[in-house]
Amino acid sequence: MRVAPVLNRAVPYLYIAPAAVVLAAAAVYPLALSAELAFYEWGLGTPWSSARWLGFEAYTRMAEDDAVWTSVGVTLAFCAIIVAAEMLIGTALALLLEKPVRGMAVFRTIFVLPFMIAPIVVGLVWRYLFDAQYGLINYFVSLAGIAPQAWLADPQLAFLALVITDIWQWTPFVFIMVVAGLQGLDSAVMEAARIDGANAWQTTVSVKLPMLAPVLLVTLLMRLIDGFRGLETMFVMTFGGPGLSTEVLSLHIYKVAFIAQKLGYASALSNLLLLIVMALALALLAVANPMKRNDGA
Amino acid sequence: MTVRDMRGQAALAGHYAVLAVLAAACLFPIYVMLLTSFKVQTQIFSMPPVWFFLPTLSNYDAVVNEARFGRYLANSLAVGLAATLLTLLVGAMTAYALSRFRFMGRGVLSIGTLLLRTVPPAVLTVPVFVIWSDWGLVNELAGVILVYVALNLPFAIWVLYAFIEQVPAELEEAAAIDGCGPFRVFFTIVLPLIRPGLAAAAIFTFRIAWNELILALVLTNRFTRTLPVAASLYITDVGVEWGKMMAIGVLIALPPLVLTFVAAKQILTGLTAGAVKG
């Protein structure tokens, strides 16, 4: 049943007009322009008339650019590691702690805190914690009898430091999502499994996890998409260094555009990143379109 | 007490112990930031670290009296509030149309907004900078606000859609029969009923608009900067003045932290709407 009969046909278009204008101006048009700019060589601060047509040269150049491949590798490795770690830890903790206890609301509020704070602030704090001279991590490490490390000056350790920082900020998100998912499950099914003689482990693996699959999938894809979006912690903690060891693609785009001042090449890199993320987005849509019609549900 | 009871008690104690450890892990870095922001340089540089000391406000004093700090704070507030209000209004209207009407372009709009949800801000930096330069929006707060509204709309529409779907259409039909026009129905019937959804969407929009770095860095100048941009430039400017850096970190983190404590419920609602329920 819809209110439509009494309404003019133009009404829905009036409702969507503001959003359509905003999204067209600040998202669709920029993305289209980015596609076009990639065909030109154009320096930041120079007039558009000085831009030189390159055709697909930017893309062929990109394919031979070691910095791009390194950056893509760093991005993929970073996303794969943080998402896997956060999903595993977050889900395991949620299964362990799903039973509602008194005071859970307080704990949940505390778990929300890390991902409400600005990534740039998170980066500042962890840069201080990982500081070679005055950082608390080296202090705790030294208590355990291990020599202090120059965390952010070593390629592997810097990468690890960023992984740890991201795990701190986002595992609570996974935890909260999975706990919410668990509470939405029909307890009668678990009860039936118990009566059928399933032990806790069997119930978890063959009943709960399959029923949780949609929630896990959405959480996984949200983390993956946000993983590709993030660059602030790298910006603050390492600025991509040492070398290119923590230079995710988003940060590389920023540097190429606004430090090396190559707007055309940066656009080509942007299109590459967009392509990767869009593929993930389509996967998200395929498994869970929240705006799909399920009338009568 | 039976053995079974005792085992239950032990399990409960273990449960709380794990929760306490996790809470401590979440809070520790925030606590260190707060603590360090109240230390003088010599306390920050002392090893082993000082845990108890006479707190000083000198770091905050230095940060707040920094040139144009007040201006950057005002910019951040203006951007955060304007982007949030606009996103809510525009997002709610769109979600309403998607929920209540079948019209040509509905499919494109719903899939398009979801795809846009995934666009990394870094991808937008170059083209938006070029277009805004053309339109005279570079270095203007309006330019930052516009791009933040676009950035937040997909999520806001997603959350608000889930809430509007739960409003019974009969209410709107009754109002329409009583002579309410379509826009009055929306503003007087629908909007008040989805207040929890609006609160959730508002928190998430404000969080992005208040916290965002890279677009604001590219689109503002030394007058229109927001706090995160000011903080990011501070790092290179002053090297490692940890006390001041932690103080500015606390100031930037404060509004989202306060929001979390007053509206934890709405945050959870916003997180799970669409993902868990949908």
# chains A, B, ... in the order shown; residues from 1 in each chain; ligands from 1
>>> residues_around(residues="stretch 158-169 of chain B", least_positions_apart="3", cutoff="7 Å", atoms="only C-alpha atoms", output="PyMOL selection string")
(chain A and resi 2) or (chain B and resi 92+95-96+99+154-155+172-173+194+197-198+201+270+273-274)
>>> residues_around(residues="A:Glu36", least_positions_apart="5", cutoff="12 Å", atoms="only C-alpha atoms", output="list of chain:residue names")
A:Tyr29, A:Pro30, A:Leu31, A:Glu41, A:Trp42, A:Ala51, A:Trp53, A:Leu54, A:Gly55, A:Phe56, A:Ala58, A:Leu263, A:Gly264, A:Tyr265, A:Ala266, A:Ser267, A:Ala268, A:Ser270, A:Asn271, B:Val126, B:Pro127
>>> residues_around(residues="B:Leu227", least_positions_apart="4", cutoff="7 Å", atoms="only C-alpha atoms", output="PyMOL selection string")
chain B and resi 72-73+76+231+252
>>> write_last_selection(atoms="C-alpha atoms", output="PDB file, in the first residue's frame")
ATOM      1  CA  TYR B  72      40.399  26.786  13.036  1.00  0.00           C
ATOM      2  CA  LEU B  73      38.126  25.637  15.842  1.00  0.00           C
ATOM      3  CA  SER B  76      35.800  22.879  12.220  1.00  0.00           C
ATOM      4  CA  ALA B 231      47.282  19.475  13.602  1.00  0.00           C
ATOM      5  CA  ILE B 252      40.158  17.184  18.433  1.00  0.00           C
TER       6      ILE B 252
END
>>> atom_distance(atom1="atom CA of A:Leu185", atom2="atom CA of A:Gln202")
16.3 Å
>>> residues_around(residues="B:Leu77", least_positions_apart="6", cutoff="12 Å", atoms="only C-alpha atoms", output="mmCIF file with N, CA and C atoms, in the first residue's frame")
data_model
loop_
_atom_site.group_PDB
_atom_site.id
_atom_site.type_symbol
_atom_site.label_atom_id
_atom_site.label_comp_id
_atom_site.auth_asym_id
_atom_site.auth_seq_id
_atom_site.Cartn_x
_atom_site.Cartn_y
_atom_site.Cartn_z
ATOM 1 N N GLY B 70 41.637 29.742 17.378
ATOM 2 C CA GLY B 70 40.195 30.002 17.518
ATOM 3 C C GLY B 70 39.486 29.927 16.185
ATOM 4 N N ARG B 71 40.165 30.440 15.176
ATOM 5 C CA ARG B 71 39.585 30.431 13.839
ATOM 6 C C ARG B 71 39.422 28.994 13.317
ATOM 7 N N ALA B 83 27.658 20.528 7.531
ATOM 8 C CA ALA B 83 27.653 19.285 6.763
ATOM 9 C C ALA B 83 26.641 18.304 7.353
ATOM 10 N N THR B 84 26.558 18.254 8.683
ATOM 11 C CA THR B 84 25.640 17.319 9.326
ATOM 12 C C THR B 84 24.186 17.680 9.028
ATOM 13 N N LEU B 141 34.959 27.565 3.032
ATOM 14 C CA LEU B 141 34.339 26.524 3.849
ATOM 15 C C LEU B 141 33.210 25.836 3.093
ATOM 16 N N ILE B 145 32.321 21.872 2.879
ATOM 17 C CA ILE B 145 31.013 21.378 3.326
ATOM 18 C C ILE B 145 30.343 20.582 2.209
ATOM 19 N N PHE B 206 28.758 13.796 11.475
ATOM 20 C CA PHE B 206 29.588 14.750 12.207
ATOM 21 C C PHE B 206 30.989 14.173 12.417
ATOM 22 N N ARG B 207 31.030 12.887 12.745
ATOM 23 C CA ARG B 207 32.323 12.237 12.985
ATOM 24 C C ARG B 207 33.226 12.361 11.758
ATOM 25 N N ALA B 209 32.909 14.540 9.190
ATOM 26 C CA ALA B 209 33.170 15.942 8.859
ATOM 27 C C ALA B 209 34.164 16.558 9.838
ATOM 28 N N TRP B 210 34.093 16.168 11.086
ATOM 29 C CA TRP B 210 34.984 16.707 12.108
ATOM 30 C C TRP B 210 36.386 16.107 12.008
ATOM 31 N N ASN B 211 36.464 14.839 11.597
ATOM 32 C CA ASN B 211 37.739 14.116 11.629
ATOM 33 C C ASN B 211 38.519 14.147 10.321
ATOM 34 N N THR B 224 41.009 29.071 6.230
ATOM 35 C CA THR B 224 39.831 28.197 6.252
ATOM 36 C C THR B 224 40.158 26.784 6.739
ATOM 37 N N ARG B 225 41.376 26.562 7.202
ATOM 38 C CA ARG B 225 41.775 25.269 7.726
ATOM 39 C C ARG B 225 40.833 24.740 8.809
ATOM 40 N N THR B 226 40.695 23.409 8.862
ATOM 41 C CA THR B 226 40.006 22.789 9.991
ATOM 42 C C THR B 226 41.061 22.275 10.973
ATOM 43 N N LEU B 227 40.623 21.861 12.154
ATOM 44 C CA LEU B 227 41.587 21.441 13.182
ATOM 45 C C LEU B 227 42.485 20.273 12.761
ATOM 46 N N PRO B 228 41.917 19.197 12.145
ATOM 47 C CA PRO B 228 42.830 18.116 11.740
ATOM 48 C C PRO B 228 43.935 18.593 10.796
ATOM 49 N N ILE B 252 40.867 17.694 19.611
ATOM 50 C CA ILE B 252 40.158 17.184 18.433
ATOM 51 C C ILE B 252 39.314 15.965 18.803
ATOM 52 N N PRO B 255 35.104 16.220 21.168
ATOM 53 C CA PRO B 255 33.689 16.171 20.756
ATOM 54 C C PRO B 255 33.205 14.761 20.404
#
>>> select_by_dssp(residues="stretch 107-194 of chain A", states="helix (DSSP H, G or I)", output="PyMOL selection string")
chain A and resi 107-116+119-129+136-143+151-153+155-183+187-194
>>> write_last_selection(atoms="C-alpha atoms", output="short mmCIF file (atom, residue, chain, number, x, y, z; two decimals), in the first residue's frame")
data_model
loop_
_atom_site.label_atom_id
_atom_site.label_comp_id
_atom_site.auth_asym_id
_atom_site.auth_seq_id
_atom_site.Cartn_x
_atom_site.Cartn_y
_atom_site.Cartn_z
CA PHE A 107 31.87 -1.94 28.02
CA ARG A 108 30.23 -1.47 24.64
CA THR A 109 30.53 2.31 25.00
CA ILE A 110 34.23 1.91 25.74
CA PHE A 111 34.65 -0.31 22.67
CA VAL A 112 33.09 2.39 20.47
CA LEU A 113 35.68 4.99 21.53
CA PRO A 114 38.64 3.93 19.33
CA PHE A 115 36.78 4.25 16.05
CA MET A 116 35.06 7.51 16.95
CA PRO A 119 42.40 8.75 12.53
CA ILE A 120 44.83 11.64 12.58
CA VAL A 121 44.62 11.76 16.38
CA VAL A 122 44.99 7.99 16.57
CA GLY A 123 48.08 8.38 14.39
CA LEU A 124 49.49 11.07 16.70
CA VAL A 125 48.99 8.96 19.82
CA TRP A 126 50.47 5.82 18.33
CA ARG A 127 53.37 7.73 16.83
CA TYR A 128 54.14 8.84 20.36
CA LEU A 129 53.67 5.31 21.75
CA LEU A 136 55.92 3.61 26.03
CA ILE A 137 56.07 0.59 23.73
CA ASN A 138 59.85 0.56 23.87
CA TYR A 139 59.58 0.99 27.63
CA PHE A 140 57.32 -2.05 28.00
CA VAL A 141 59.45 -3.99 25.54
CA SER A 142 62.55 -3.17 27.61
CA LEU A 143 60.78 -4.42 30.76
CA TRP A 151 59.81 1.19 15.23
CA LEU A 152 58.92 3.82 12.66
CA ALA A 153 62.38 3.95 11.08
CA PRO A 155 60.43 -0.77 6.99
CA GLN A 156 59.06 -3.99 8.49
CA LEU A 157 58.51 -2.59 11.97
CA ALA A 158 56.84 0.55 10.62
CA PHE A 159 54.41 -1.60 8.65
CA LEU A 160 53.79 -3.69 11.75
CA ALA A 161 53.25 -0.55 13.83
CA LEU A 162 50.57 0.63 11.40
CA VAL A 163 48.93 -2.80 11.43
CA ILE A 164 48.85 -2.76 15.24
CA THR A 165 47.39 0.74 15.24
CA ASP A 166 44.63 -0.24 12.83
CA ILE A 167 43.85 -3.40 14.77
CA TRP A 168 43.50 -1.30 17.92
CA GLN A 169 41.17 1.14 16.22
CA TRP A 170 38.92 -1.25 14.27
CA THR A 171 38.75 -4.65 16.01
CA PRO A 172 36.19 -3.20 18.47
CA PHE A 173 34.01 -2.35 15.47
CA VAL A 174 34.02 -5.97 14.28
CA PHE A 175 33.34 -7.13 17.83
CA ILE A 176 30.30 -4.85 18.19
CA MET A 177 28.90 -5.83 14.80
CA VAL A 178 29.23 -9.56 15.48
CA VAL A 179 27.77 -9.29 19.00
CA ALA A 180 24.79 -7.44 17.51
CA GLY A 181 24.49 -10.16 14.89
CA LEU A 182 24.62 -12.91 17.53
CA GLN A 183 21.88 -11.26 19.53
CA SER A 187 17.88 -18.85 20.15
CA ALA A 188 15.46 -21.73 19.43
CA VAL A 189 17.86 -23.00 16.76
CA MET A 190 20.76 -23.11 19.22
CA GLU A 191 18.52 -24.81 21.75
CA ALA A 192 17.55 -27.43 19.16
CA ALA A 193 21.23 -28.05 18.36
CA ARG A 194 21.95 -28.50 22.08
#
>>> closest_residue(among="B:Leu57, B:Val190, B:Leu116, B:Ala82", to="chain A", atoms="only C-alpha atoms")
B:Leu116
>>> residues_around(residues="A:Ala24", least_positions_apart="6", cutoff="12 Å", atoms="only C-alpha atoms", output="list in words")
Ile16, Ala17, Pro18, Pro30, Leu31, Ala32 and Leu33 of chain A; Leu109, Gly112, Thr113, Leu116, Val128, Leu146, Val147, Val149, Ala150, Leu151 and Leu153 of chain B
>>> write_last_selection(atoms="all heavy atoms", output="CSV table (one decimal), in the first residue's frame")
chain,number,residue,atom,x,y,z
A,16,ILE,N,14.3,13.8,-4.4
A,16,ILE,CA,15.7,13.3,-4.7
A,16,ILE,C,16.5,14.4,-5.3
A,16,ILE,O,17.8,14.3,-5.4
A,16,ILE,CB,15.8,12.1,-5.6
A,16,ILE,CG1,15.2,12.3,-7.0
A,16,ILE,CG2,15.1,10.9,-4.9
A,16,ILE,CD1,15.5,11.3,-7.9
A,17,ALA,N,15.9,15.5,-5.8
A,17,ALA,CA,16.7,16.5,-6.5
A,17,ALA,C,17.9,17.1,-5.7
A,17,ALA,O,19.0,17.1,-6.3
A,17,ALA,CB,15.7,17.7,-6.9
A,18,PRO,N,17.7,17.4,-4.4
A,18,PRO,CA,18.9,18.0,-3.7
A,18,PRO,C,20.1,17.0,-3.7
A,18,PRO,O,21.2,17.3,-4.0
A,18,PRO,CB,18.5,18.3,-2.3
A,18,PRO,CG,17.0,18.3,-2.4
A,18,PRO,CD,16.6,17.5,-3.6
A,30,PRO,N,33.3,14.9,-10.5
A,30,PRO,CA,34.7,14.7,-10.3
A,30,PRO,C,35.2,13.4,-10.8
A,30,PRO,O,36.4,13.3,-11.3
A,30,PRO,CB,34.8,14.8,-8.7
A,30,PRO,CG,33.6,15.6,-8.4
A,30,PRO,CD,32.5,15.3,-9.3
A,31,LEU,N,34.5,12.3,-10.6
A,31,LEU,CA,35.0,11.0,-11.0
A,31,LEU,C,35.1,11.0,-12.6
A,31,LEU,O,36.1,10.4,-13.1
A,31,LEU,CB,34.1,9.9,-10.5
A,31,LEU,CG,34.1,9.7,-9.0
A,31,LEU,CD1,33.1,8.5,-8.6
A,31,LEU,CD2,35.5,9.4,-8.5
A,32,ALA,N,34.2,11.6,-13.2
A,32,ALA,CA,34.3,11.6,-14.7
A,32,ALA,C,35.5,12.5,-15.1
A,32,ALA,O,36.2,12.1,-16.0
A,32,ALA,CB,33.0,12.2,-15.3
A,33,LEU,N,35.7,13.6,-14.4
A,33,LEU,CA,36.8,14.5,-14.7
A,33,LEU,C,38.1,13.7,-14.5
A,33,LEU,O,39.1,13.9,-15.3
A,33,LEU,CB,36.7,15.7,-13.9
A,33,LEU,CG,37.9,16.7,-14.2
A,33,LEU,CD1,37.7,17.4,-15.5
A,33,LEU,CD2,37.9,17.8,-13.1
B,109,LEU,N,19.7,5.3,-8.7
B,109,LEU,CA,20.0,6.1,-7.5
B,109,LEU,C,20.4,5.2,-6.3
B,109,LEU,O,21.4,5.5,-5.6
B,109,LEU,CB,18.8,6.9,-7.1
B,109,LEU,CG,19.0,8.0,-6.0
B,109,LEU,CD1,19.9,9.0,-6.5
B,109,LEU,CD2,17.7,8.6,-5.6
B,112,GLY,N,23.7,3.6,-7.2
B,112,GLY,CA,24.7,4.6,-7.3
B,112,GLY,C,25.2,5.1,-6.0
B,112,GLY,O,26.4,5.3,-5.8
B,113,THR,N,24.3,5.4,-5.1
B,113,THR,CA,24.7,5.9,-3.8
B,113,THR,C,25.5,4.9,-3.0
B,113,THR,O,26.5,5.2,-2.4
B,113,THR,CB,23.5,6.3,-2.9
B,113,THR,OG1,22.5,5.3,-2.9
B,113,THR,CG2,22.8,7.6,-3.4
B,116,LEU,N,28.9,4.9,-4.4
B,116,LEU,CA,29.7,6.1,-4.0
B,116,LEU,C,30.2,6.0,-2.5
B,116,LEU,O,31.1,6.6,-2.2
B,116,LEU,CB,28.8,7.3,-4.1
B,116,LEU,CG,28.5,7.7,-5.6
B,116,LEU,CD1,27.6,8.9,-5.7
B,116,LEU,CD2,29.8,8.1,-6.3
B,128,VAL,N,38.2,17.2,-7.5
B,128,VAL,CA,37.4,18.2,-6.7
B,128,VAL,C,38.2,19.5,-6.6
B,128,VAL,O,37.7,20.6,-6.8
B,128,VAL,CB,37.0,17.7,-5.4
B,128,VAL,CG1,36.5,18.8,-4.5
B,128,VAL,CG2,35.9,16.6,-5.5
B,146,LEU,N,30.4,21.1,1.0
B,146,LEU,CA,29.7,20.5,-0.1
B,146,LEU,C,30.3,19.0,-0.4
B,146,LEU,O,29.5,18.1,-0.5
B,146,LEU,CB,29.9,21.3,-1.4
B,146,LEU,CG,29.2,20.8,-2.7
B,146,LEU,CD1,27.7,20.5,-2.5
B,146,LEU,CD2,29.4,21.7,-3.8
B,147,VAL,N,31.6,18.9,-0.3
B,147,VAL,CA,32.2,17.6,-0.6
B,147,VAL,C,31.9,16.6,0.6
B,147,VAL,O,31.7,15.5,0.4
B,147,VAL,CB,33.7,17.7,-1.0
B,147,VAL,CG1,34.5,18.0,0.2
B,147,VAL,CG2,34.1,16.5,-1.6
B,149,VAL,N,29.2,16.7,2.4
B,149,VAL,CA,27.8,16.2,2.3
B,149,VAL,C,27.7,15.1,1.3
B,149,VAL,O,27.1,14.0,1.5
B,149,VAL,CB,26.8,17.4,1.8
B,149,VAL,CG1,25.4,16.9,1.6
B,149,VAL,CG2,26.8,18.5,2.9
B,150,ALA,N,28.4,15.2,0.2
B,150,ALA,CA,28.4,14.2,-0.8
B,150,ALA,C,29.0,12.9,-0.3
B,150,ALA,O,28.6,11.8,-0.5
B,150,ALA,CB,29.2,14.6,-2.1
B,151,LEU,N,30.1,13.0,0.5
B,151,LEU,CA,30.8,11.9,1.1
B,151,LEU,C,29.9,11.1,2.1
B,151,LEU,O,30.0,9.9,2.2
B,151,LEU,CB,32.0,12.4,1.8
B,151,LEU,CG,33.3,11.6,1.9
B,151,LEU,CD1,33.8,11.3,0.5
B,151,LEU,CD2,34.4,12.4,2.6
B,153,LEU,N,26.4,11.4,2.3
B,153,LEU,CA,25.0,11.1,1.9
B,153,LEU,C,24.8,9.5,1.7
B,153,LEU,O,23.8,9.1,2.2
B,153,LEU,CB,24.7,11.8,0.6
B,153,LEU,CG,24.0,13.1,0.7
B,153,LEU,CD1,23.8,13.7,-0.7
B,153,LEU,CD2,22.7,12.9,1.4
>>> closest_residue(among="B:Phe38, B:Phe223, B:Phe129, B:Tyr60", to="chain A", atoms="only C-alpha atoms")
B:Phe129
>>> residues_around(residues="stretch 44-46 of chain A", least_positions_apart="2", cutoff="9 Å", atoms="only C-alpha atoms", output="PyMOL selection string")
chain A and resi 42+48-51+257-258+260-263
>>> select_by_dssp(residues="stretch 31-239 of chain A", states="strand (DSSP E or B)", output="PDB file with all heavy atoms, in the first residue's frame")
ATOM      1  N   TYR A  40      45.888  13.322 -19.773  1.00  0.00           N
ATOM      2  CA  TYR A  40      46.706  14.521 -19.995  1.00  0.00           C
ATOM      3  C   TYR A  40      47.904  14.555 -19.059  1.00  0.00           C
ATOM      4  O   TYR A  40      47.882  13.958 -17.983  1.00  0.00           O
ATOM      5  CB  TYR A  40      45.873  15.782 -19.754  1.00  0.00           C
ATOM      6  CG  TYR A  40      44.807  16.021 -20.782  1.00  0.00           C
ATOM      7  CD1 TYR A  40      43.546  15.440 -20.626  1.00  0.00           C
ATOM      8  CD2 TYR A  40      45.060  16.799 -21.901  1.00  0.00           C
ATOM      9  CE1 TYR A  40      42.560  15.647 -21.580  1.00  0.00           C
ATOM     10  CE2 TYR A  40      44.079  17.008 -22.856  1.00  0.00           C
ATOM     11  CZ  TYR A  40      42.826  16.435 -22.693  1.00  0.00           C
ATOM     12  OH  TYR A  40      41.872  16.639 -23.626  1.00  0.00           O
ATOM     13  N   GLU A  41      48.927  15.287 -19.497  1.00  0.00           N
ATOM     14  CA  GLU A  41      50.012  15.622 -18.595  1.00  0.00           C
ATOM     15  C   GLU A  41      49.776  17.063 -18.174  1.00  0.00           C
ATOM     16  O   GLU A  41      49.742  17.960 -19.020  1.00  0.00           O
ATOM     17  CB  GLU A  41      51.356  15.495 -19.319  1.00  0.00           C
ATOM     18  CG  GLU A  41      52.541  15.714 -18.402  1.00  0.00           C
ATOM     19  CD  GLU A  41      53.844  15.413 -19.129  1.00  0.00           C
ATOM     20  OE1 GLU A  41      54.341  16.314 -19.817  1.00  0.00           O
ATOM     21  OE2 GLU A  41      54.331  14.283 -19.032  1.00  0.00           O
ATOM     22  N   GLY A  43      50.529  19.919 -14.931  1.00  0.00           N
ATOM     23  CA  GLY A  43      51.165  20.241 -13.654  1.00  0.00           C
ATOM     24  C   GLY A  43      50.268  21.096 -12.787  1.00  0.00           C
ATOM     25  O   GLY A  43      49.529  21.944 -13.294  1.00  0.00           O
ATOM     26  N   ARG A  52      49.097  18.668 -21.767  1.00  0.00           N
ATOM     27  CA  ARG A  52      49.473  17.979 -22.999  1.00  0.00           C
ATOM     28  C   ARG A  52      48.737  16.644 -23.079  1.00  0.00           C
ATOM     29  O   ARG A  52      48.704  15.881 -22.115  1.00  0.00           O
ATOM     30  CB  ARG A  52      50.993  17.734 -22.975  1.00  0.00           C
ATOM     31  CG  ARG A  52      51.609  17.411 -24.318  1.00  0.00           C
ATOM     32  CD  ARG A  52      53.130  17.551 -24.237  1.00  0.00           C
ATOM     33  NE  ARG A  52      53.723  16.563 -23.338  1.00  0.00           N
ATOM     34  CZ  ARG A  52      54.047  15.313 -23.721  1.00  0.00           C
ATOM     35  NH1 ARG A  52      53.849  14.926 -24.958  1.00  0.00           N
ATOM     36  NH2 ARG A  52      54.575  14.465 -22.863  1.00  0.00           N
ATOM     37  N   TRP A  53      48.118  16.382 -24.224  1.00  0.00           N
ATOM     38  CA  TRP A  53      47.392  15.128 -24.424  1.00  0.00           C
ATOM     39  C   TRP A  53      48.365  13.950 -24.457  1.00  0.00           C
ATOM     40  O   TRP A  53      49.365  13.982 -25.167  1.00  0.00           O
ATOM     41  CB  TRP A  53      46.592  15.193 -25.728  1.00  0.00           C
ATOM     42  CG  TRP A  53      46.003  13.888 -26.153  1.00  0.00           C
ATOM     43  CD1 TRP A  53      46.524  13.011 -27.057  1.00  0.00           C
ATOM     44  CD2 TRP A  53      44.787  13.304 -25.681  1.00  0.00           C
ATOM     45  NE1 TRP A  53      45.713  11.917 -27.176  1.00  0.00           N
ATOM     46  CE2 TRP A  53      44.629  12.068 -26.352  1.00  0.00           C
ATOM     47  CE3 TRP A  53      43.816  13.706 -24.772  1.00  0.00           C
ATOM     48  CZ2 TRP A  53      43.534  11.228 -26.118  1.00  0.00           C
ATOM     49  CZ3 TRP A  53      42.723  12.866 -24.542  1.00  0.00           C
ATOM     50  CH2 TRP A  53      42.589  11.652 -25.206  1.00  0.00           C
TER      51      TRP A  53
END
>>> closest_residue(among="B:Val185, B:Leu254, B:Ala156, B:Val32", to="B:Val90", atoms="only C-alpha atoms")
B:Ala156
>>> atom_distance(atom1="atom CA of B:Leu124", atom2="atom CA of A:Leu269")
11.5 Å
>>> atom_distance(atom1="atom CA of A:Leu220", atom2="atom CA of A:Met234")
21.6 Å
>>> closest_residue(among="A:Met62, A:Leu209, A:Ala26, A:Val106", to="chain B", atoms="only C-alpha atoms")
A:Ala26
>>> decode(residues="stretch 176-187 of chain B", atoms="N, CA, C and O atoms", output="short mmCIF file (atom, residue, chain, number, x, y, z; two decimals), in the first residue's frame")
data_model
loop_
_atom_site.label_atom_id
_atom_site.label_comp_id
_atom_site.auth_asym_id
_atom_site.auth_seq_id
_atom_site.Cartn_x
_atom_site.Cartn_y
_atom_site.Cartn_z
N ALA B 176 -2.68 12.13 4.66
CA ALA B 176 -2.98 12.62 3.31
C ALA B 176 -4.48 12.76 3.12
O ALA B 176 -4.96 13.73 2.53
N ILE B 177 -5.25 11.80 3.65
CA ILE B 177 -6.71 11.86 3.53
C ILE B 177 -7.23 13.09 4.28
O ILE B 177 -8.17 13.76 3.85
N ASP B 178 -6.57 13.40 5.42
CA ASP B 178 -6.96 14.59 6.18
C ASP B 178 -6.53 15.88 5.50
O ASP B 178 -6.68 16.96 6.07
N GLY B 179 -5.92 15.78 4.34
CA GLY B 179 -5.60 16.98 3.58
C GLY B 179 -4.18 17.47 3.72
O GLY B 179 -3.86 18.59 3.33
N CYS B 180 -3.30 16.66 4.31
CA CYS B 180 -1.89 17.04 4.41
C CYS B 180 -1.22 16.89 3.05
O CYS B 180 -1.33 15.84 2.42
N GLY B 181 -0.51 17.90 2.60
CA GLY B 181 0.24 17.78 1.36
C GLY B 181 1.44 16.86 1.55
O GLY B 181 1.82 16.57 2.69
N PRO B 182 2.03 16.39 0.45
CA PRO B 182 3.12 15.42 0.55
C PRO B 182 4.31 15.93 1.37
O PRO B 182 4.95 15.16 2.08
N PHE B 183 4.60 17.22 1.28
CA PHE B 183 5.77 17.70 2.01
C PHE B 183 5.47 17.89 3.49
O PHE B 183 6.33 17.66 4.34
N ARG B 184 4.19 18.25 3.79
CA ARG B 184 3.84 18.34 5.21
C ARG B 184 3.84 16.96 5.84
O ARG B 184 4.23 16.80 6.99
N VAL B 185 3.41 15.95 5.09
CA VAL B 185 3.45 14.57 5.60
C VAL B 185 4.89 14.22 5.99
O VAL B 185 5.16 13.70 7.07
N PHE B 186 5.81 14.55 5.09
CA PHE B 186 7.21 14.22 5.33
C PHE B 186 7.75 14.94 6.57
O PHE B 186 8.34 14.32 7.45
N PHE B 187 7.51 16.26 6.64
CA PHE B 187 8.13 17.02 7.72
C PHE B 187 7.43 16.84 9.06
O PHE B 187 8.08 16.85 10.10
#
